[in-house]
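Presented below is the structure to which this report refers.
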Amino acid sequence: MNEQELVKQTAKHVEALFSGEGSGHDWWHIRRVWQNALKIGQQEKADLLIVQLGALLHDIADWKFHGGDEEAGPREAAKWLRSLQAPEHIITKVCQIIREVSYKGAGVDTEPSTLEAAVVQDADRLDAIGAIGVGRAFAYGGHKNREMYNPHIMPQLHASFEEYKKNSGPTINHFYEKLFLLKDRLNTSTGLQMAEERNNFMKQFVRQFLAEWHPEEDIPESFHV
Ligand code: ADP
Ligand code: NI
C-alpha cells in the first residue's frame with residue numbers, strides 16, 4: 001500500500017471509530033489535529049507520513065479504553081497498521097508519538113523525542129486553546145456535570161498526573177490549570193505562531209466571563225488574567 005493510501009485508509013478507519021463521541025474526542029477533534037499537524041509538519045520539514053499517522057491515531061485509546069492502560073493506544077495503532085502491512089519502522093515511530101503526545105499536568109515533563117512527535121503534540125495542544133478550546137472545555141465540563149465557575153474554589157497547579165486526573169473543579173479553573181499554560185509549552189515556532197492569537201482570545205474570553213460574573217473588585221486574586 002502506498003503512503004497516500006495508508007493515510008487515507010487510516011483516516012477512514014478512525015472516522016468510523018470516533019463518529020458520535022460526545023466527550024470532546026470526536027472525529028472532528030482528530031481531523032483538526034491531523035490538518036494542523038500537516039500544516040506545522042510542512043513548515044517544520046517533518047516526515048509527513050509519520051506526522052499524519054501519528055495525528056490520526058493519537059487518541060485511539062480513548063475510543064474504547066478511556067485512560068488507565070498507557071499501552072492501549074500504541075497497541076491498537078500497531079494492530080491497525082499491521083493489518084495494512086505498514087513497515088515496522090513506521091509503526092514503531094507512530095506508536096512512540098502516541099505515547100508522547102498526551103498532557104499529564106503542569107508539573108510533568110512530556111518532552112517529545114522526535115520532530116514528528118513535537119509536531120503532533122503541538123497540533124493536539126492547539127486544539128485545546130482558542131475558541132475551540134473554550135468550546136471543548138465547556139463541553140467536557142458539561143459531560144462531567146461540573147460547575148462553570150465557583151468563586152470559592154481556587155485553581156491549583158497539579159504536580160503529578162494522578163493529581164491532575166483526580167481533579168474535578170469548575171471548568172474555568174481548567175484554564176488556569178492547563179489551558180493558559182499550553183502556549184509556553186509548544187515545541188515548534190510554527191505552533192507557537194498559531195497559538196498566539198488563540199491564547200489571546202481565550203484570555204479575553206475568561207476576562208469577559210469574570211467581568212460579567214463579578215464587579216471588578218470582587219474577582220479573586222487567583223483568577224486575575
Ligand atoms: P487532548 O489531549 O486530546 O486535548 P484531553 O483528554 O486532555 O485530550 O482533553 C480533551 C478536551 O477536554 C480538551 O479540550 C481539554 O482541555 C478538555 N478538558 C480536559 N480536562 C478538563 C477539565 N477538567 N475541565 C474542562 N475541560 C477539560
Ligand atoms: Ni487529542
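Please note that chains go A, B, ... in the order of the C-alpha cells, that every chain numbers its residues from 1, and that ligands are numbered from 1 in the order shown.
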Write as an MDAnalysis selection string the residues around ligand 2, taking 8 Å as the cut-off and counting only C-alpha atoms and all ligand atoms.
-> chainID A and resid 25 29:30 33 58:59 102 124:125 127
Surrounding residues as a PyMOL selection string, ligand 1, max 9 Å, only C-alpha atoms and all ligand atoms | chain A and resi 23-25+29-30+33+58-59+62+66-67+101-104+121+124-129+132-142+144+146+148+164-175+177-179
For Val119 of chain A, work out the shell of residues within 7 Å, counting only C-alpha atoms and skipping chain neighbours fewer than 4 positions away, then give it as an mmCIF file with N, CA and C atoms, in the first residue's frame.
data_model
loop_
_atom_site.group_PDB
_atom_site.id
_atom_site.type_symbol
_atom_site.label_atom_id
_atom_site.label_comp_id
_atom_site.auth_asym_id
_atom_site.auth_seq_id
_atom_site.Cartn_x
_atom_site.Cartn_y
_atom_site.Cartn_z
ATOM 1 N N ALA A 37 -1.496 19.438 12.178
ATOM 2 C CA ALA A 37 -0.206 18.732 12.229
ATOM 3 C C ALA A 37 0.434 18.739 10.841
ATOM 4 N N ILE A 40 1.795 22.317 10.284
ATOM 5 C CA ILE A 40 3.012 22.547 11.072
ATOM 6 C C ILE A 40 4.151 21.682 10.537
ATOM 7 N N GLY A 41 3.831 20.435 10.238
ATOM 8 C CA GLY A 41 4.834 19.494 9.746
ATOM 9 C C GLY A 41 5.473 19.946 8.445
ATOM 10 N N LEU A 115 11.032 15.102 16.091
ATOM 11 C CA LEU A 115 10.364 16.251 15.487
ATOM 12 C C LEU A 115 8.897 15.925 15.207
ATOM 13 N N ALA A 123 0.002 20.250 17.595
ATOM 14 C CA ALA A 123 -1.309 20.295 16.948
ATOM 15 C C ALA A 123 -2.409 19.908 17.931
ATOM 16 N N THR A 188 7.339 23.860 18.574
ATOM 17 C CA THR A 188 7.808 24.395 17.297
ATOM 18 C C THR A 188 7.453 25.871 17.171
#
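Distance check against Ala61 of chain A using only C-alpha atoms: of A:Ile98, A:Lys39, A:Trp34, A:Lys79, the minimum falls on A:Ile98.
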Using only C-alpha atoms, pick whichever of A:Leu38, A:Ala72, A:Ala55, A:Leu84 has the shortest atom-to-atom distance to Gln9 of chain A.
-> A:Leu84
Just asking: which residues within segment 58-179 of chain A are helix (DSSP H, G or I) according to DSSP, as a VMD selection string?
-> chain A and resid 60 to 63 72 to 83 88 to 101 115 to 126 130 to 143 161 to 166 171 to 179
